[in-house]
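For reference, the structure is listed below as structure tokens.
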Amino acid sequence: MARRILFLGPPGAGKGTQAAMLANALHIPHISTGDMLRSAVDAGTDLGKKVESVMAAGDLVSDELVVAIVDDRLDQSDARCGYLLDGFPRNIAQAQALNDAVINAIGTVVLLEVDADELVQRLMKRAAEQGRADDNEQTIRRRLEVYEAETSPLVDHYGDAVIRVDGIGSIDEVFSRIALVLARS
Ligand code: B4P
């Protein structure tokens with residue numbers, strides 16, 4: 001059966017980390033809008049030039065740009081047998097912009113829950129280790145505000161499809177929790 005899974009959660013909750021592991025285990029593509037946008041910035045493409053300053057400020061890239069790259073990605077043949085969406089949709093407008101067939105096909109929404117102190121700690125640690133442009137204290141606070149205002153309403157939007165998973169613990173512990181709830185769903 002094709003699995004179509006969506007990962008929700010605040011910045012630093014472990015979406016990217018867990019989504020990559022789960023997609024690998026399920027042999028489905030891991031579609032991360034954050035990764036696609038960072039690649040565009042690194043490659044200096046027209047898209048990258050348009051989004052660089054927005055991402056560095058911790059704001060959301062325009063819905064039009066993001067929906068277009070996701071639409072293109074979902075049209076690729078490897079996405080026919082399922083996919084894991086990480087970081088998309090980021091607001092209700094993006095959720096509504098996906099066509100009905102895609103929205104109806106999303107079977108499971110995994111919501112990773114982590115408290116704000118731990119989120120800031122993780123992202124500051126990554127800032128020290130990797131130096132991502134949007135991992136600095138001011139931008140991290142902005143990203144958390146944007147999550148609360150724009151993204152958290154998606155939890156109600158997806159209603160019964162949402163499975164809450166405690167995101168505190170080691171990466172392997174969190175992965176085991178996700179695998180368990182998915183096996184039951
Ligand atoms: P994303 O790339 O989606 O970044 P993020 O929400 O900050 O989370 P990320 O996946 O990187 O971190 P994770 O929680 O895995 O977005 C970046 C930017 O792109 C956005 O701010 C926006 O500008 C733009 N963007 C992306 N999608 C968009 C969209 N749809 N619409 C508009 N704009 C969009 O991990 C964080 C850290 O925690 C890592 O260092 C990890 O190693 C660590 N960690 C993970 N699990 C842990 C654990 N269990 N214990 C301890 N540390 C852990």
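Chain identifiers are assigned as A, B, and so on, following the order in which chains appear in the structure tokens; residues are numbered from 1 within each chain, and ligands are numbered from 1 in order of appearance.
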### Query
Would you name the residues within 8 Å of ligand 1, counting only C-alpha atoms and all ligand atoms, and put them as a ChimeraX atom specification?
/A:9-19,32-35,37-38,51,54-63,66-67,86-91,94,119,122-123,125-127,134,143,167-174
### Message
I need the residues in region 2-170 of chain A that are strand (DSSP E or B) according to DSSP; give them as a VMD selection string.
### Response
chain A and resid 3 to 8 30 to 32 82 to 86 108 to 113 162 to 166
### Task
Could you tell me which of A:Leu144, A:Ala133, A:Ile69, A:Ala79 comes closest to Arg3 (chain A) if we count only C-alpha atoms?
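The shortest atom-to-atom distance to Arg3 (chain A) comes from A:Ala79.
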### Task
Name all residues at most 10 Å from Asp71 (chain A) (count only C-alpha atoms; drop same-chain ones fewer than 2 positions away) and give them as a list in words.
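That gives Val66, Val67, Ala68, Ile69, Arg73, Leu74, Asp75, Gln76, Ala97, Leu98, Asn99 and Val102 of chain A.
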### Query
Which is closest to Glu145 (chain A) among A:Leu85, A:Ile92, A:Ala116, A:Val109, if we use only C-alpha atoms?
A:Ala116
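Proximity of A:Gly107, A:Pro153, A:Gly82, A:Gly159 to Ile31 (chain A), computed with only C-alpha atoms, is greatest for A:Gly82.
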### Query
Of the residues A:Phe7, A:Tyr83, A:Ser39, A:Gln121, which is the one nearest to Glu52 (chain A), using only C-alpha atoms?
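Closest candidate: A:Ser39.
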### Task
Return as a PyMOL selection string the full set of residues in region 85-180 of chain A whose backbone-based DSSP assignment is helix (DSSP H, G or I).
chain A and resi 92-97+100-105+116-130+137-151+153-161+171-180
### Query
Taking into account only C-alpha atoms, which residue in the set A:Met36, A:Val181, A:Val114, A:Val120 is nearest to Val162 (chain A)?
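Using only C-alpha atoms, Val162 (chain A) sits closest to A:Val181.
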### Task
Select, from A:Ile28, A:Ala128, A:Ala179, A:Leu111, the residue with the minimum atom-to-atom distance to Asp160 (chain A), counting only C-alpha atoms.
A:Leu111
